[in-house]
Amino acid sequence: MILLNPKQLDRTYPDERSRAIMRATVEFFEAKGKRQLKADDRDRVWYADFLEFQQREQAFATLLTPAGYGGDNADCRWDTWRNCEFNEILAFYGLHYWYTWQVSILGLGPIWMSQNEAAKQRAAQLLRDGAVFAFGLSERAHGADIYSTEMTLTPQSDGTYRANGEKYYIGNGNVAEMVSTFGKMAETGDYMFFVANFHHQNYELVGNVVNSQSYVADFVLRDYPITEADILARGSAAWDTALNTVNVGKYNLGWASIGICTHAFYEALNHAANRRLYGMYVTDFPHVKQMFTEAYARLVAMKLFALRAADYMRSASPDDRRYLLYNPTVKMKVTTQGEEVINLLWDVIAAKGFERDTYFEMAARDIRALPKLEGTVHVNIALIVKFMPNYFFNPADYAPVPQRSDAANDDFLFDQGPARGLGQIRFHDYRLAYDDWDLPNVNVFQEQVAVFQESLMAATPDEAQQRDTDFLLALGELFTLVVYGQLVLENARIYQVDEALVDQIFDFMVRDFNKFALQLYGKPSSTPVQMDYYQRLIHKPAVDEARYQHVWNEHVYALKGAYEMSE
Ligand SMILES: Cc1cc2nc3c(=O)[nH]c(=O)nc-3n(C[C@H](O)[C@H](O)[C@H](O)COP(=O)(O)OP(=O)(O)OC[C@H]3O[C@@H](n4cnc5c(N)ncnc54)[C@H](O)[C@@H]3O)c2cc1C
């Protein structure tokens with residue numbers, strides 16, 4: 001069973017406590033029930049019940065306190081294996097529950113990365129008290145351009161500082177006693193990370209920017225006093241802290257998409273499989289079967305990729321920073337695949353997807369958020385293409401990375417070092433994963449990739465094209481697909497995924513490759529030689545009716561009635 005089924009939690013854990021947290025979290029939501037879940041969403045009720053639950057269960061404290069800071073709680077560790085499932089469960093029940101956890105992760109990043117021991121001890125205590133945290137990076141006027149940050153720290157004669165400036169779009173900014181805030185020194189322009197407290201009278205909470213259960217704050221610091229005790233990092237360390245925190249945080253957005261799509265999938269399938277039209281069930285329509293099979297294959301690939309990326313993240317070191325390619329791929333690819341899954345399901349269930357009592361109605365709204373937040377799809381593709389030359393043309397030997405479900409504390413995530421040097425990162429040969437399979441659609445895909453690689457050498461994008469982000473984004477989509485397929489295949493072996501399902505996944509991978517090849521073909525600057533190559537990228541997937549029927553019957557339709565949320 002690859003997809004999460006809260007009524008059948010079967011993930012393996014090396015300890016009982018991790019399993020107990022997952023179970024208790026599911027029980028909290030199932031006891032709350034769908035009716036109340038939806039009522040709270042409609043009325044935009046602040047999720048105090050969930051925060052009380054997590055405090056009682058010590059969920060955030062156990063999952064978000066690194067080993068060594070947990071006091072009596074020996075189960076505290078930062079363990080991406082279990083945090084993945086917690087992410088998934090929260091989003092399965094609602095993006096807002098996930099969001100308060102996610103921005104706590106972001107807020108804690110600069111704290112756990114800091115040398116400020118007192119701040120760390122304070123955060124650990126606050127976690128035990130059930131607190132949530134906030135990450136004050138964004139500013140209203142500057143969006144992705146954090147170089148232009150205007151929050152300013154001005155030194156005072158007594159060695160303290162005064163902070164002045166506004167932060168915008170800051171989740172939990174209404175309740176966090178430690179808001180990790182990014183700013184600059186007044187005279188030198190040096191970057192700074194410091195902590196502000198929403199209780200302080202010089203912290204003005206202007207309001208909630210969004211219309212939802214979450215509180216996404218606009219806040220202003222007016223002559224807010226800062227002492228050494230509040231400083232988390234300075235200069236290049238503060239800059240690296242910002243990027244390294246986002247490196248960790250952005251990964252979770254993929255899990256939010258996976259959780260949302262999984263719940264929506266069960267709901268849509270249950271509806272369609274029980275609805276009769278023209279004397280037959282909706283799931284008997286060939287196009288409906290196709291859409292469900294496609295949605296399922298895409299969702300399984302999303303999960304296989306995100307799980308595999310976690311293995312690399314947990315095994316990362318200063319000499320192995322491959323996660324810096326895989327994490328943005330989770331961020332931009334898994335989340336945009338989530339939109340496709342919801343689109344497919346919604347086309348099937350049509351009017352039902354608007355009904356106020358469905359989970360789906362929330363899913364259709366919330367799935368849109370994940371590609372756009374914490375760096376847009378564009379920002380992440382622009383990052384990903386930097387890795388392309390080394391990925392294709394300069395592979396390195398690495399010891400194979402196993403599945404990482406062990407109870408380790410992920411130390412390296414809080415000690416990632418300088419954020420620069422991306423162009424030097426090398427990857428293991430992607431062909432190893434592809435050569436390990438001999439399936440019709442994997443083979444077709446491999447042929448496409450070979451032509452793509454040849455095109456990069458024989459019809460290399462010229463300097464103007466390399467500066468043209470519109471062209472580069474289309475190229476980046478093709479590259480991303482190769483990376484995506486590689487980790488999906490690696491993990492399909494680890495999880496012993498049915499070959500028919502793997503081939504079905506590569507059916508859509510081939511078609512997606514075609515789609516992006518055609519986009520690149522049509523770009524204003526593509527040359528005749530490039531156009532010839534891009535045309536040659538287009539292949540038809542291998543058709544196999546028996547395989548398709550097997551996937552539909554054994555994997556997709558078999559989930560009818562597998563899960564329904566308690567009323
Ligand atoms: C609900 C919500 C919650 C949020 N929570 C937080 C939070 O807790 N803490 C926090 O600090 N922030 C938070 N944010 C801010 C969020 O991370 C930013 O909104 C997001 O990173 C995108 O910035 P922007 O929307 O301002 O887009 P802009 O930066 O204004 O971008 C405009 C366009 O330019 C493109 N673009 C910009 N730069 C590049 C580039 N380098 N390469 C290619 N294309 C580029 C973008 O893709 C986009 O299409 C939140 C936002 C929302 C809506």
# chains A, B, ... in the order shown; residues from 1 in each chain; ligands from 1
$ residues_around --residues "Val210 of chain A" --least-positions-apart "5" --cutoff "12 Å" --atoms "only C-alpha atoms" --output "list in words"
Arg44, His96, Tyr168, Tyr169, Ile170, Gly171, Tyr215, Val216, Ala217 and Asp218 of chain A
$ residues_around --residues "Arg356 of chain A" --least-positions-apart "5" --cutoff "12 Å" --atoms "only C-alpha atoms" --output "JSON, numbers by chain"
{"A": [34, 35, 36, 37, 38, 39, 40, 41, 42, 43, 351, 361, 362, 363, 364]}
$ residues_near_ligand --ligand "ligand 1" --cutoff "6 Å" --atoms "only C-alpha atoms and all ligand atoms" --output "PyMOL selection string"
chain A and resi 103+135-138+143-144+169-171+216+373-376+378-379+382
$ closest_residue --among "A:Met178, A:Val300, A:Ile538, A:Leu221" --to "Val206 of chain A" --atoms "only C-alpha atoms"
A:Leu221
$ atom_distance --atom1 "atom CA of Asn394 of chain A" --atom2 "atom CA of Ile425 of chain A"
9.8 Å
$ residues_around --residues "segment 318-335 of chain A" --least-positions-apart "2" --cutoff "8 Å" --atoms "only C-alpha atoms" --output "compact mmCIF listing (two decimals) with C-alpha atoms, in the first residue's frame"
# COMPACT_ATOMS: atom_id res chain seq x y z
CA ASN A 247 16.10 24.31 1.64
CA VAL A 248 14.59 22.25 4.45
CA LYS A 250 10.41 23.82 0.81
CA TYR A 251 10.60 20.04 0.84
CA ASN A 252 7.49 19.85 3.02
CA LEU A 253 5.33 21.55 0.43
CA GLY A 254 5.43 18.40 -1.67
CA SER A 257 0.27 18.25 -1.96
CA ILE A 258 0.52 14.49 -1.46
CA MET A 302 4.78 12.11 -6.33
CA PHE A 305 9.91 10.84 -5.50
CA ALA A 306 9.37 12.72 -2.24
CA ALA A 309 14.44 12.74 -1.90
CA TYR A 312 19.25 11.91 0.06
CA MET A 313 18.42 14.73 2.43
CA SER A 315 22.30 11.23 4.01
CA ALA A 316 23.61 14.63 2.94
CA GLN A 337 1.72 17.37 -10.18
CA GLY A 338 -0.66 17.80 -7.26
CA GLU A 339 -2.57 20.39 -9.25
CA ILE A 367 -3.73 22.63 -3.86
CA LEU A 370 1.79 24.82 -2.82
CA PRO A 371 3.46 25.62 -6.15
CA THR A 376 7.50 29.98 -6.89
CA VAL A 377 7.82 27.26 -9.51
CA ASN A 380 12.86 26.78 -8.25
CA ILE A 381 13.30 25.87 -11.92
CA LEU A 383 17.67 27.07 -9.40
CA ILE A 384 17.37 23.55 -10.79
CA PHE A 387 22.67 21.70 -11.86
CA GLN A 416 24.55 22.86 5.93
CA GLY A 417 27.38 25.36 5.59
CA LEU A 422 25.80 25.04 -6.48
CA ILE A 425 27.72 19.86 -6.93
CA ARG A 426 27.97 16.54 -8.74
CA PHE A 427 25.45 13.71 -9.08
CA THR A 480 13.24 18.13 -14.15
CA VAL A 483 15.52 13.84 -12.38
CA TYR A 484 11.96 12.99 -11.38
$ residues_around --residues "segment 500-513 of chain A" --least-positions-apart "6" --cutoff "8 Å" --atoms "only C-alpha atoms" --output "PyMOL selection string"
chain A and resi 294+297-298+301+439-442+444-445+448+478+481+485+489+492+537-542+547-548+550-551
$ write_last_selection --atoms "N, CA and C atoms" --output "compact mmCIF listing (two decimals), in the first residue's frame"
# COMPACT_ATOMS: atom_id res chain seq x y z
N GLU A 294 -4.73 7.77 -14.37
CA GLU A 294 -3.71 8.81 -14.54
C GLU A 294 -3.46 9.53 -13.21
N ALA A 297 -1.53 7.17 -10.90
CA ALA A 297 -0.12 7.00 -11.30
C ALA A 297 0.69 8.24 -10.94
N ARG A 298 0.09 9.40 -11.17
CA ARG A 298 0.80 10.65 -10.85
C ARG A 298 1.01 10.78 -9.34
N ALA A 301 3.74 8.46 -8.13
CA ALA A 301 5.06 8.99 -8.50
C ALA A 301 5.45 10.14 -7.58
N LEU A 439 11.38 -1.85 -19.10
CA LEU A 439 9.93 -1.78 -19.30
C LEU A 439 9.67 -0.90 -20.52
N PRO A 440 8.62 -1.20 -21.29
CA PRO A 440 8.44 -0.48 -22.56
C PRO A 440 8.48 1.04 -22.42
N ASN A 441 7.74 1.58 -21.46
CA ASN A 441 7.69 3.04 -21.39
C ASN A 441 8.94 3.65 -20.76
N VAL A 442 9.59 2.90 -19.89
CA VAL A 442 10.87 3.39 -19.36
C VAL A 442 11.88 3.46 -20.51
N VAL A 444 11.16 3.87 -23.74
CA VAL A 444 10.81 5.00 -24.62
C VAL A 444 11.32 6.30 -23.98
N PHE A 445 11.10 6.43 -22.70
CA PHE A 445 11.52 7.65 -22.01
C PHE A 445 13.04 7.82 -22.11
N GLN A 448 14.00 9.28 -25.29
CA GLN A 448 13.76 10.73 -25.31
C GLN A 448 14.89 11.48 -24.61
N LEU A 478 11.98 19.97 -18.91
CA LEU A 478 12.44 18.69 -19.48
C LEU A 478 13.50 18.07 -18.57
N LEU A 481 12.04 16.49 -15.48
CA LEU A 481 11.41 15.19 -15.71
C LEU A 481 12.43 14.05 -15.63
N GLY A 485 12.05 11.13 -12.92
CA GLY A 485 11.98 9.72 -13.30
C GLY A 485 13.06 8.90 -12.62
N LEU A 489 12.25 5.76 -10.16
CA LEU A 489 12.70 4.40 -10.47
C LEU A 489 13.53 3.82 -9.32
N ALA A 492 11.04 2.89 -6.71
CA ALA A 492 10.12 1.81 -7.12
C ALA A 492 10.78 0.45 -6.84
N LEU A 537 12.22 14.71 -29.98
CA LEU A 537 11.96 14.29 -28.60
C LEU A 537 10.59 13.65 -28.44
N ILE A 538 9.72 13.90 -29.40
CA ILE A 538 8.32 13.47 -29.23
C ILE A 538 8.14 12.00 -29.62
N HIS A 539 7.67 11.24 -28.65
CA HIS A 539 7.47 9.80 -28.85
C HIS A 539 6.08 9.42 -28.36
N LYS A 540 5.57 8.34 -28.91
CA LYS A 540 4.29 7.82 -28.43
C LYS A 540 4.56 6.80 -27.32
N PRO A 541 3.81 6.87 -26.22
CA PRO A 541 4.03 5.84 -25.19
C PRO A 541 3.63 4.46 -25.70
N ALA A 542 4.23 3.44 -25.10
CA ALA A 542 3.92 2.06 -25.49
C ALA A 542 2.53 1.69 -24.96
N ARG A 547 -1.87 -4.27 -19.40
CA ARG A 547 -1.21 -3.58 -18.29
C ARG A 547 -2.15 -2.52 -17.70
N TYR A 548 -2.76 -1.76 -18.60
CA TYR A 548 -3.64 -0.68 -18.17
C TYR A 548 -4.81 -1.23 -17.35
N HIS A 550 -4.95 -4.00 -15.73
CA HIS A 550 -4.41 -4.53 -14.48
C HIS A 550 -4.25 -3.39 -13.46
N VAL A 551 -3.67 -2.29 -13.91
CA VAL A 551 -3.45 -1.17 -12.98
C VAL A 551 -4.80 -0.63 -12.51
$ residues_around --residues "segment 124-133 of chain A" --least-positions-apart "4" --cutoff "10 Å" --atoms "only C-alpha atoms" --output "PyMOL selection string"
chain A and resi 51-66+68-71+73+100-109+112+118-120+171-180
$ closest_residue --among "A:Ala450, A:Ala474, A:Val482, A:Ala48" --to "Gln519 of chain A" --atoms "only C-alpha atoms"
A:Ala474
$ select_by_dssp --residues "segment 206-398 of chain A" --states "helix (DSSP H, G or I)" --output "MDAnalysis selection string"
chainID A and resid 228:230 235:274 282:284 286:314 323:354 360:366 369:372 377:393
$ write_last_selection --atoms "C-alpha atoms" --output "tab-separated table (two decimals), in the first residue's frame"
chain	number	residue	atom	x	y	z
A	228	GLU	CA	22.71	40.05	21.89
A	229	ALA	CA	20.45	37.41	23.40
A	230	ASP	CA	18.01	37.88	20.50
A	235	GLY	CA	26.51	38.56	7.96
A	236	SER	CA	27.01	35.70	5.56
A	237	ALA	CA	25.88	33.22	8.23
A	238	ALA	CA	22.52	35.04	8.41
A	239	TRP	CA	22.18	34.86	4.63
A	240	ASP	CA	23.06	31.17	4.57
A	241	THR	CA	20.58	30.60	7.40
A	242	ALA	CA	17.79	32.09	5.31
A	243	LEU	CA	18.55	29.90	2.30
A	244	ASN	CA	19.34	26.76	4.31
A	245	THR	CA	16.09	27.07	6.23
A	246	VAL	CA	14.15	27.32	3.00
A	247	ASN	CA	16.10	24.31	1.64
A	248	VAL	CA	14.59	22.25	4.45
A	249	GLY	CA	11.18	23.89	4.52
A	250	LYS	CA	10.41	23.82	0.81
A	251	TYR	CA	10.60	20.04	0.84
A	252	ASN	CA	7.49	19.85	3.02
A	253	LEU	CA	5.33	21.55	0.43
A	254	GLY	CA	5.43	18.40	-1.67
A	255	TRP	CA	4.04	16.44	1.26
A	256	ALA	CA	1.21	18.90	1.68
A	257	SER	CA	0.27	18.25	-1.96
A	258	ILE	CA	0.52	14.49	-1.46
A	259	GLY	CA	-1.71	14.58	1.64
A	260	ILE	CA	-4.33	16.74	-0.06
A	261	CYS	CA	-4.40	14.64	-3.24
A	262	THR	CA	-4.67	11.38	-1.31
A	263	HIS	CA	-7.75	12.42	0.62
A	264	ALA	CA	-9.30	13.95	-2.48
A	265	PHE	CA	-8.60	10.75	-4.40
A	266	TYR	CA	-10.47	8.54	-1.92
A	267	GLU	CA	-13.39	10.92	-1.81
A	268	ALA	CA	-13.62	11.24	-5.59
A	269	LEU	CA	-13.34	7.49	-6.18
A	270	ASN	CA	-16.00	6.68	-3.58
A	271	HIS	CA	-18.34	9.17	-5.17
A	272	ALA	CA	-17.81	8.10	-8.78
A	273	ALA	CA	-17.84	4.36	-8.05
A	274	ASN	CA	-21.23	4.63	-6.35
A	282	VAL	CA	-19.49	6.50	-13.50
A	283	THR	CA	-16.31	4.46	-13.06
A	284	ASP	CA	-17.43	2.30	-16.01
A	286	PRO	CA	-13.56	4.57	-20.31
A	287	HIS	CA	-12.49	8.19	-19.94
A	288	VAL	CA	-13.23	8.12	-16.20
A	289	LYS	CA	-11.11	5.00	-15.81
A	290	GLN	CA	-8.36	6.76	-17.71
A	291	MET	CA	-8.55	9.87	-15.53
A	292	PHE	CA	-8.48	7.91	-12.28
A	293	THR	CA	-5.62	5.75	-13.49
A	294	GLU	CA	-3.71	8.81	-14.54
A	295	ALA	CA	-4.39	10.59	-11.24
A	296	TYR	CA	-3.32	7.52	-9.30
A	297	ALA	CA	-0.12	7.00	-11.30
A	298	ARG	CA	0.80	10.65	-10.85
A	299	LEU	CA	0.10	10.52	-7.13
A	300	VAL	CA	2.18	7.38	-6.60
A	301	ALA	CA	5.06	8.99	-8.50
A	302	MET	CA	4.78	12.11	-6.33
A	303	LYS	CA	5.10	10.00	-3.24
A	304	LEU	CA	7.91	7.79	-4.52
A	305	PHE	CA	9.91	10.84	-5.50
A	306	ALA	CA	9.37	12.72	-2.24
A	307	LEU	CA	10.28	9.67	-0.18
A	308	ARG	CA	13.44	9.08	-2.14
A	309	ALA	CA	14.44	12.74	-1.90
A	310	ALA	CA	14.24	12.34	1.89
A	311	ASP	CA	16.80	9.54	1.75
A	312	TYR	CA	19.25	11.91	0.06
A	313	MET	CA	18.42	14.73	2.43
A	314	ARG	CA	19.03	12.53	5.46
A	323	TYR	CA	19.57	17.17	-1.98
A	324	LEU	CA	19.92	20.74	-3.27
A	325	LEU	CA	18.61	19.49	-6.61
A	326	TYR	CA	16.09	16.99	-5.28
A	327	ASN	CA	14.44	19.30	-2.73
A	328	PRO	CA	13.53	22.08	-5.19
A	329	THR	CA	12.28	19.31	-7.49
A	330	VAL	CA	9.95	18.15	-4.72
A	331	LYS	CA	8.91	21.75	-4.30
A	332	MET	CA	8.14	22.58	-7.94
A	333	LYS	CA	7.38	19.21	-9.50
A	334	VAL	CA	5.49	17.34	-6.82
A	335	THR	CA	3.35	20.39	-6.07
A	336	THR	CA	2.47	21.06	-9.72
A	337	GLN	CA	1.72	17.37	-10.18
A	338	GLY	CA	-0.66	17.80	-7.26
A	339	GLU	CA	-2.57	20.39	-9.25
A	340	GLU	CA	-2.81	17.96	-12.16
A	341	VAL	CA	-4.14	15.23	-9.91
A	342	ILE	CA	-6.85	17.49	-8.53
A	343	ASN	CA	-7.74	18.70	-12.05
A	344	LEU	CA	-8.20	15.12	-13.22
A	345	LEU	CA	-10.31	14.14	-10.22
A	346	TRP	CA	-12.40	17.27	-10.45
A	347	ASP	CA	-13.18	16.62	-14.09
A	348	VAL	CA	-14.64	13.31	-12.96
A	349	ILE	CA	-16.67	14.40	-9.96
A	350	ALA	CA	-17.66	17.75	-11.51
A	351	ALA	CA	-20.44	19.39	-9.46
A	352	LYS	CA	-19.71	17.31	-6.39
A	353	GLY	CA	-16.38	19.09	-6.04
A	354	PHE	CA	-18.18	22.33	-5.18
A	360	PHE	CA	-12.64	18.11	-2.13
A	361	GLU	CA	-13.92	21.66	-2.07
A	362	MET	CA	-11.01	22.60	0.23
A	363	ALA	CA	-8.55	20.52	-1.78
A	364	ALA	CA	-9.44	22.29	-5.02
A	365	ARG	CA	-8.71	25.62	-3.38
A	366	ASP	CA	-5.67	24.69	-1.32
A	369	ALA	CA	-1.04	27.30	-2.85
A	370	LEU	CA	1.79	24.82	-2.82
A	371	PRO	CA	3.46	25.62	-6.15
A	372	LYS	CA	3.32	29.34	-5.38
A	377	VAL	CA	7.82	27.26	-9.51
A	378	HIS	CA	9.88	29.69	-11.61
A	379	VAL	CA	12.33	30.47	-8.84
A	380	ASN	CA	12.86	26.78	-8.25
A	381	ILE	CA	13.30	25.87	-11.92
A	382	ALA	CA	15.78	28.73	-12.25
A	383	LEU	CA	17.67	27.07	-9.40
A	384	ILE	CA	17.37	23.55	-10.79
A	385	VAL	CA	18.84	24.38	-14.22
A	386	LYS	CA	22.11	25.38	-12.56
A	387	PHE	CA	22.67	21.70	-11.86
A	388	MET	CA	22.02	20.53	-15.41
A	389	PRO	CA	25.59	20.56	-16.83
A	390	ASN	CA	27.04	18.45	-14.02
A	391	TYR	CA	24.01	16.19	-13.90
A	392	PHE	CA	24.27	15.23	-17.56
A	393	PHE	CA	27.95	15.59	-18.35
$ residues_around --residues "Asp436 of chain A" --least-positions-apart "6" --cutoff "12 Å" --atoms "only C-alpha atoms" --output "NGL selection string"
:A and (430 or 442-443 or 446 or 486 or 489-493)
$ residues_around --residues "segment 9-25 of chain A" --least-positions-apart "4" --cutoff "8 Å" --atoms "only C-alpha atoms" --output "NGL selection string"
:A and (4-5 or 29 or 57 or 59 or 75 or 82 or 85-86 or 89 or 405-407)
